[in-house]
Every structure is written in structure tokens, then in C-alpha cells.
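Structure file start_9.cif with mmCIF, C-alpha atoms:
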data_start
#
loop_
_atom_site.label_atom_id
_atom_site.label_comp_id
_atom_site.auth_asym_id
_atom_site.auth_seq_id
_atom_site.Cartn_x
_atom_site.Cartn_y
_atom_site.Cartn_z
CA MET H 1 -50.32 33.96 54.36
CA SER H 2 -50.38 34.03 50.59
CA ASN H 3 -50.12 36.89 48.14
CA TYR H 4 -50.64 35.88 44.51
CA HIS H 5 -48.53 37.67 41.94
CA VAL H 6 -49.04 37.55 38.18
CA ASP H 7 -45.61 38.44 36.89
CA GLU H 8 -44.61 40.16 33.65
CA ASN H 9 -44.25 36.77 31.93
CA GLY H 10 -47.78 35.65 32.81
CA LYS H 11 -46.71 33.22 35.53
CA LEU H 12 -48.78 32.98 38.71
CA ARG H 13 -46.56 33.00 41.79
CA ARG H 14 -47.63 32.33 45.35
CA TRP H 15 -45.69 34.47 47.81
CA THR H 16 -46.17 33.26 51.37
CA HIS H 17 -45.69 35.80 54.17
CA SER H 18 -44.72 34.20 57.48
CA SER H 19 -45.71 37.13 59.72
CA PRO H 20 -48.50 39.19 58.13
CA LEU H 21 -49.59 40.73 61.44
CA THR H 22 -46.15 42.15 62.21
CA GLY H 23 -44.92 43.10 58.74
CA ASN H 24 -41.51 41.45 58.94
CA ALA H 25 -40.41 41.09 55.32
CA THR H 26 -40.11 37.30 55.24
CA TRP H 27 -41.45 35.78 52.02
CA ASN H 28 -41.17 32.49 50.16
CA GLN H 29 -42.39 32.12 46.59
CA THR H 30 -43.48 29.27 44.33
CA VAL H 31 -44.65 29.30 40.72
CA ILE H 32 -48.05 27.61 40.78
CA SER H 33 -49.10 28.26 37.17
CA PRO H 34 -46.68 28.77 34.25
CA ALA H 35 -49.33 30.51 32.14
CA TRP H 36 -52.05 32.54 33.84
CA SER H 37 -54.37 34.25 31.37
CA ALA H 38 -57.23 36.32 32.78
CA THR H 39 -58.50 39.85 32.35
CA ARG H 40 -58.77 40.18 36.12
CA THR H 41 -57.79 38.09 39.13
CA PHE H 42 -59.08 38.56 42.68
CA SER H 43 -59.14 36.67 45.96
CA GLY H 44 -62.08 34.75 47.36
CA GLY H 45 -60.20 33.88 50.55
CA ASP H 46 -59.00 30.53 51.91
CA GLY H 47 -57.11 29.79 48.70
CA VAL H 48 -60.02 30.53 46.37
CA ILE H 49 -59.07 32.65 43.37
CA PHE H 50 -61.65 34.13 41.01
CA THR H 51 -60.78 35.21 37.49
CA ILE H 52 -62.74 37.10 34.86
CA THR H 53 -62.17 36.13 31.23
CA PRO H 54 -62.16 38.58 28.31
CA SER H 55 -65.71 37.47 27.49
CA GLY H 56 -66.91 38.23 31.04
CA SER H 57 -67.11 34.72 32.47
CA LEU H 58 -66.39 34.33 36.18
CA VAL H 59 -64.13 31.37 36.84
CA TRP H 60 -63.47 29.57 40.16
CA HIS H 61 -60.07 28.17 41.22
CA ARG H 62 -58.71 26.91 44.52
CA ASP H 63 -55.07 26.66 45.55
CA ASN H 64 -55.03 23.64 47.88
CA ASN H 65 -51.67 24.71 49.32
CA HIS H 66 -52.61 28.33 50.01
CA ASP H 67 -51.03 28.07 53.46
CA GLY H 68 -47.69 27.85 51.68
CA SER H 69 -46.97 24.26 52.67
CA GLY H 70 -46.19 22.99 49.19
CA GLY H 71 -46.02 23.56 45.49
CA ALA H 72 -48.71 23.76 42.86
CA GLU H 73 -51.77 21.71 43.80
CA TRP H 74 -55.11 22.85 42.43
CA HIS H 75 -58.57 21.64 43.36
CA SER H 76 -59.83 19.24 40.71
CA GLN H 77 -62.69 21.59 39.76
CA SER H 78 -60.44 24.62 39.31
CA GLY H 79 -61.31 26.38 36.09
CA SER H 80 -65.07 25.94 36.53
CA VAL H 81 -67.20 28.74 35.07
CA ILE H 82 -69.61 29.90 37.77
CA GLY H 83 -71.09 33.01 36.16
CA THR H 84 -71.25 35.29 33.14
CA GLY H 85 -71.67 38.99 32.43
CA TRP H 86 -68.91 40.31 34.69
CA SER H 87 -67.04 42.42 32.13
CA PRO H 88 -68.96 45.70 32.65
CA PHE H 89 -67.86 46.09 36.27
CA THR H 90 -64.98 48.52 36.72
CA THR H 91 -63.87 47.00 40.04
CA VAL H 92 -64.53 43.52 41.45
CA LEU H 93 -63.38 42.54 44.96
CA GLY H 94 -63.56 39.39 47.04
CA GLY H 95 -64.58 39.98 50.64
CA GLY H 96 -64.03 36.42 51.84
CA ASP H 97 -66.58 33.68 52.63
CA GLY H 98 -67.96 33.89 49.10
CA VAL H 99 -68.77 37.60 49.25
CA ILE H 100 -68.03 39.62 46.12
CA TYR H 101 -68.37 43.41 45.79
CA ALA H 102 -68.64 44.85 42.30
CA VAL H 103 -68.65 48.48 41.16
CA ALA H 104 -70.66 49.35 38.04
CA SER H 105 -69.57 52.04 35.58
CA ASP H 106 -72.08 54.48 37.10
CA GLY H 107 -70.60 54.01 40.60
CA ARG H 108 -73.27 51.72 42.02
CA LEU H 109 -71.94 49.08 44.42
CA PHE H 110 -73.37 45.56 44.19
CA TRP H 111 -73.15 42.60 46.55
CA TYR H 112 -73.00 38.96 45.48
CA ARG H 113 -72.30 35.83 47.47
CA TYR H 114 -71.00 32.62 45.97
CA MET H 115 -72.30 29.68 48.02
CA GLY H 116 -70.42 26.88 46.30
CA THR H 117 -67.43 25.04 47.72
CA ASP H 118 -66.23 22.99 44.74
CA GLY H 119 -66.78 25.18 41.70
CA GLN H 120 -70.48 24.40 41.30
CA VAL H 121 -72.88 27.14 40.20
CA SER H 122 -74.46 28.10 43.53
CA TRP H 123 -75.30 31.67 44.53
CA ALA H 124 -77.26 33.56 47.14
CA ASN H 125 -80.27 35.41 45.71
CA ASN H 126 -80.14 33.11 42.66
CA GLY H 127 -77.03 34.92 41.49
CA ALA H 128 -78.65 38.34 41.21
CA GLY H 129 -76.59 41.18 42.62
CA ARG H 130 -78.06 43.48 45.26
CA GLN H 131 -77.29 47.17 45.09
CA ILE H 132 -75.94 48.26 48.47
CA GLY H 133 -74.42 51.64 47.67
CA SER H 134 -73.70 54.36 45.14
CA GLY H 135 -70.95 56.87 44.47
CA TRP H 136 -68.15 54.30 44.37
CA GLY H 137 -66.89 55.21 40.92
CA GLY H 138 -64.53 58.03 41.83
CA PHE H 139 -62.01 56.14 43.96
CA LEU H 140 -58.45 55.52 42.78
CA ARG H 141 -58.23 52.15 44.53
CA ILE H 142 -60.50 49.94 46.66
CA ALA H 143 -59.49 46.95 48.79
CA ALA H 144 -61.70 44.54 50.71
CA SER H 145 -60.41 43.40 54.11
CA GLY H 146 -62.97 40.86 55.32
CA ASN H 147 -65.94 41.27 57.68
CA GLY H 148 -67.49 43.75 55.24
CA VAL H 149 -64.60 46.21 55.64
CA LEU H 150 -63.64 48.21 52.54
CA TYR H 151 -60.79 50.69 52.19
CA ALA H 152 -60.99 53.27 49.40
CA VAL H 153 -58.46 55.85 48.19
CA LEU H 154 -59.82 59.24 47.14
CA GLN H 155 -58.37 61.33 44.33
CA ASN H 156 -56.63 63.53 46.95
CA GLY H 157 -54.90 60.50 48.48
CA GLN H 158 -57.05 60.20 51.60
CA LEU H 159 -57.80 56.65 52.74
CA ARG H 160 -61.42 56.06 53.68
CA TRP H 161 -62.77 53.19 55.78
CA TYR H 162 -66.24 51.70 55.26
CA ARG H 163 -67.91 48.71 56.86
CA HIS H 164 -70.78 46.81 55.31
CA LEU H 165 -72.58 45.36 58.34
CA ASP H 166 -74.35 42.48 56.61
CA PRO H 167 -71.87 40.81 54.26
CA GLY H 168 -73.51 37.43 54.83
CA ASN H 169 -76.95 38.42 53.53
CA GLY H 170 -76.32 41.54 51.48
CA THR H 171 -78.76 44.00 53.01
CA SER H 172 -77.76 47.64 52.60
CA SER H 173 -76.64 48.21 56.17
CA TRP H 174 -73.51 50.24 56.88
CA ALA H 175 -71.52 51.59 59.80
CA ASN H 176 -71.86 55.40 60.07
CA ASN H 177 -74.91 55.14 57.79
CA GLY H 178 -72.54 54.54 54.89
CA ALA H 179 -70.33 57.58 55.43
CA GLY H 180 -66.65 56.77 55.11
CA ALA H 181 -64.25 57.58 57.92
CA THR H 182 -60.90 59.11 56.93
CA VAL H 183 -58.19 56.91 58.44
CA GLY H 184 -55.12 58.06 56.52
CA SER H 185 -53.59 60.33 53.89
CA GLY H 186 -50.88 60.10 51.26
CA TRP H 187 -52.23 56.93 49.66
CA GLY H 188 -52.62 58.36 46.17
CA GLY H 189 -49.26 57.12 44.92
CA PHE H 190 -50.09 53.44 45.20
CA THR H 191 -50.81 51.68 41.92
CA LYS H 192 -52.16 48.55 43.62
CA LEU H 193 -53.87 47.98 46.97
CA ALA H 194 -54.58 44.58 48.53
CA SER H 195 -55.41 43.16 51.96
CA PHE H 196 -54.73 40.01 53.96
CA GLY H 197 -57.77 40.87 56.08
CA ALA H 198 -57.89 42.19 59.64
CA GLY H 199 -56.78 45.65 58.51
CA VAL H 200 -53.50 44.44 56.98
CA LEU H 201 -52.91 46.33 53.74
CA LEU H 202 -50.30 45.98 51.01
CA GLY H 203 -49.66 49.00 48.80
CA ARG H 204 -47.47 48.93 45.71
CA ASN H 205 -45.96 52.21 44.55
CA SER H 206 -45.02 53.33 41.04
CA THR H 207 -41.46 52.00 41.35
CA GLY H 208 -42.63 48.46 42.18
CA THR H 209 -42.01 48.47 45.94
CA ILE H 210 -44.63 46.93 48.22
CA PHE H 211 -45.28 48.39 51.67
CA TRP H 212 -47.08 46.73 54.59
CA TYR H 213 -49.51 48.62 56.83
CA ARG H 214 -51.81 47.47 59.60
CA HIS H 215 -54.93 49.38 60.58
CA LEU H 216 -55.48 48.31 64.19
CA ASP H 217 -59.23 49.00 64.33
CA PRO H 218 -60.67 47.48 61.15
CA LEU H 219 -64.05 46.78 62.73
CA GLY H 220 -64.49 50.20 64.36
CA GLY H 221 -62.76 52.52 61.92
CA THR H 222 -60.81 54.68 64.36
CA THR H 223 -57.48 56.07 63.15
CA THR H 224 -55.07 53.71 64.90
CA TRP H 225 -52.18 52.12 63.03
CA ALA H 226 -49.19 49.90 63.71
CA ASN H 227 -45.89 51.82 63.50
CA GLY H 228 -47.78 55.09 63.80
CA GLY H 229 -49.06 54.58 60.26
CA SER H 230 -45.64 54.19 58.64
CA GLY H 231 -45.33 51.47 56.02
CA THR H 232 -42.78 48.66 56.19
CA GLY H 233 -41.04 47.83 52.92
CA GLN H 234 -41.62 44.30 51.65
CA GLY H 235 -39.36 44.27 48.62
CA THR H 236 -39.06 45.61 45.10
CA GLY H 237 -39.56 44.37 41.56
CA TRP H 238 -43.37 44.13 41.63
CA ASN H 239 -43.84 46.45 38.63
CA ASP H 240 -46.64 46.05 36.08
CA THR H 241 -48.12 42.96 37.71
CA GLU H 242 -51.19 41.92 39.67
CA ILE H 243 -50.96 41.48 43.44
CA VAL H 244 -53.82 39.49 44.94
CA ALA H 245 -53.54 38.94 48.69
CA ASP H 246 -55.66 36.19 50.27
CA VAL H 247 -58.32 38.32 51.95
CA THR H 248 -58.89 35.79 54.74
CA GLY H 249 -55.23 35.32 55.55
CA CYS H 250 -55.89 37.21 58.78
CA ARG H 251 -59.30 37.58 60.38
CA ALA H 252 -60.54 40.44 62.57
CA THR H 253 -62.63 39.45 65.60
#
Output the file's structure in the form of C-alpha cells.
Amino acid sequence: MSNYHVDENGKLRRWTHSSPLTGNATWNQTVISPAWSATRTFSGGDGVIFTITPSGSLVWHRDNNHDGSGGAEWHSQSGSVIGTGWSPFTTVLGGGDGVIYAVASDGRLFWYRYMGTDGQVSWANNGAGRQIGSGWGGFLRIAASGNGVLYAVLQNGQLRWYRHLDPGNGTSSWANNGAGATVGSGWGGFTKLASFGAGVLLGRNSTGTIFWYRHLDPLGGTTTWANGGSGTGQGTGWNDTEIVADVTGCRAT
């Protein structure tokens, strides 16, 4: 499964993980863009990468070789602008299957769903976001993990699990009536948080080391983890860069 890495020289690298469900540190990497310029980059799943430009445009790209089978091969419509006005959001996350979660500066959480397949401008609800929550502004990090699952790190380092029950249609329906379940602690030191889906999380610490974790109950939110919750090191040298895991690399059923 692929983890996209914008390095310190602005190159976009695809790092393919051969065993994301077990955490064995086996990676292969390929440079798929020599110059990647975007204010923000996030995963749409299945090789789709969204970027936000400095002016707030939302841009669609698709890595045709996201399974790691080859080098750089982009969909012909990659680079298509599919929306505008995305700069004000403090956090923007891809939930897979076109779902996008966006946090406004006042902590309101909005749902969007991109319905296009080839970079065309096609959105659920005519592109208007639906507010599905509030109070999301105080988290250190948030990661989407597919199936409406969101992991959020509190200021005290606790890891909270949430599950949006209607990611397909965007109604404000949540497990536990929207209350987060605490599923871990000690997560405050991570500078980046990403997910391959199915509860698989990648956390990068301040020294540039990435650790793999797997929450074994992503759909139910109980506190059960692979390796008793201990992270498995995945390598060093990831400082000061973006890490954007393909959120549908693994799917929870």
C-alpha cells in the first residue's frame, strides 16, 4: 500500500508498504513527481491525491500505479481544478470513496463528497458542505481511516476514536452520539498522523521516525491493538515533510 511523501526538496515519492496489516518494515520507493508544489496534500484513496493551492483551489490527481507496480504514471486529467475556497479550513482529510472532512477555524466539522472519477467537477449536495459536528478545533492531529472512522489526538496526548455513521450521504449521525472513545495515550509527540485505513496508523515523531500501529477494532472503537499498542518502527529521515497514506490501502469490514 502506498504512502506519499513530499520530501525536503519538493519531490513527491511513493513509498509502497508490502505488509501494512502486519507492520513489517518493508518499503520500496519511487519518485513520481520531481516538483510537487501545493499548500496541502491529502489522500482521496485508491490512488487519488487532492491538493490545495495557495489560492484555495482544490485540485484532483490520480496515481495510476498506486499499488506500487510501476513508476510515475498519472491519470490524463490529473491537475484538474474541482473546487475553490478551501484555504480557510485548518484541517482537510480524505475519508476514501470521495468523502472529505474539513475543519473550519471555529472548530465546526464539515462533510463533502466528490462524486467524480476523472477530475470532472461533480459533487454531492451540489458541492455545498454539510456541518456534521463542532468542537474539532482543539485537536493536535486528526487522521481519517475509512468507513467514517476518525482518530484525533488531544492536547494531553490521548487518542480519541470517532465514527461518522453516514459517510456516504453526510447526515450528522455518529457512534456514541458523537462522543469520542479514548483508545490510547502518549500520542502527543507525533508531528504527523496518517492512516492506511482499517485502523492502521502511521505516526511520525519529532526526530523523523515513523511508527506503525494497528487498532484492531476500528468499526467498534474498543481499546484493542496489535502488539499490545506498541508501535513498530518503519524507518527514519522523514523530517519536515508531508506523509500522506492512501486511506483505502486497507479496508475494515
### Task
Please provide the set of residues having any atom within 8 Å of Trp15 of chain H, restricted to all atoms listed in the file, with same-chain residues fewer than 3 positions apart removed, written as a ChimeraX atom specification.
/H:2-5,27-30,68
Would you put the residues from that selection into a file with C-alpha atoms, as a PDB file, in the coordinates of the input?
ATOM      1  CA  SER H   2     -50.380  34.030  50.590  1.00  0.00           C
ATOM      2  CA  ASN H   3     -50.120  36.890  48.140  1.00  0.00           C
ATOM      3  CA  TYR H   4     -50.640  35.880  44.510  1.00  0.00           C
ATOM      4  CA  HIS H   5     -48.530  37.670  41.940  1.00  0.00           C
ATOM      5  CA  TRP H  27     -41.450  35.780  52.020  1.00  0.00           C
ATOM      6  CA  ASN H  28     -41.170  32.490  50.160  1.00  0.00           C
ATOM      7  CA  GLN H  29     -42.390  32.120  46.590  1.00  0.00           C
ATOM      8  CA  THR H  30     -43.480  29.270  44.330  1.00  0.00           C
ATOM      9  CA  GLY H  68     -47.690  27.850  51.680  1.00  0.00           C
TER      10      GLY H  68
END
### Task
Return the single residue from H:Ser76, H:Gln120, H:Ala35, H:Ala104 that is closest to Val59 of chain H, with distances computed using only C-alpha atoms.
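Once distances to Val59 of chain H are computed over only C-alpha atoms, the minimum belongs to H:Gln120.
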### Selection dump of the PyMOL selection byres ((chain H and resi 92) around 8), as a PyMOL selection string
chain H and resi 42+89-91+93-94+100-103
### Task
Specify as a PyMOL selection string each residue included when the PyMOL selection byres ((chain H and resi 195) around 7) is applied to this file.
chain H and resi 143-145+194+196-197+200-202+245+247
### Message
Around (-65.5, 39.4, 30.1), as given in the file, which residues come within 10 Å? Count only C-alpha atoms and list them as a PyMOL selection string.
### Response
chain H and resi 38-40+51-58+84-89
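Between Gly221 of chain H and the candidates H:Gly184, H:Gly83, H:Gly235, H:Gly170, the tightest atom-to-atom separation, counting all atoms listed in the file, involves H:Gly184.
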### Message
For Ile132 of chain H, find every residue with an atom within 8 Å (counting only C-alpha atoms), except residues of its own chain fewer than 5 positions away, and show them as a list in words.
### Response
Arg108, Leu109, Phe110, Trp111, Gly170, Thr171, Ser172 and Ser173 of chain H
### Query
If the PyMOL selection byres ((chain H and resi 136) around 8) is run on the structure shown, which residues does it catch, given as a list in words?
Val103, Gly107, Arg108, Leu109, Gly133, Ser134, Gly135, Gly137, Gly138 and Phe139 of chain H
### Task
Can you work out the spacing between atom CA of Ser185 of chain H and atom CA of Leu219 of chain H in Å, to one decimal?
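These atoms are spaced 19.3 Å apart.
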### Message
Could you check the closest approach to Gly23 of chain H for each of H:Trp225, H:Tyr213, H:Tyr162, H:Trp60 and tell me which residue wins, using all atoms listed in the file?
### Response
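Between H:Trp225, H:Tyr213, H:Tyr162, H:Trp60, the residue approaching Gly23 of chain H most closely is H:Tyr213.
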### Task
Write out as a ChimeraX atom specification the residues lying within 6 Å of segment 187-192 of chain H, counting all atoms listed in the file and excluding same-chain residues fewer than 3 positions away.
/H:157,203-205
For segment 224-241 of chain H, take all atoms listed in the file, fit an axis-aligned box around them, add 4 Å to each of the six sides, then output centre and edge lengths in Å rounded to one decimal, as lines of an AutoDock Vina configuration file.
center_x = -47.1
center_y = 49.0
center_z = 50.5
size_x = 24.0
size_y = 20.1
size_z = 36.8
### Message
With distances taken over all atoms listed in the file, which residue among H:Asn169, H:Ser105, H:Gln158, H:Thr26 lies nearest Trp123 of chain H?
### Response
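With all atoms listed in the file as the atom set, the closest residue is H:Asn169.
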### Query
Interatomic distance between atom CA of Asp118 of chain H and atom CA of Arg62 of chain H?
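Rounded to one decimal, the two atoms are 8.5 Å apart.
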### Task
Using atom CA of Tyr114 of chain H and atom CA of Gln77 of chain H as the two end points, give the distance in Å to one decimal.
15.1 Å
### Query
Closest to Arg13 of chain H among H:Asp97, H:Asp106, H:Asp63, H:Asp46, using all atoms listed in the file?
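Closest residue, counting all atoms listed in the file: H:Asp63.
When all atoms listed in the file are used to measure the gap to Leu159 of chain H, the shortest distance among H:His215, H:Arg130, H:Arg14, H:Arg113 belongs to H:His215.
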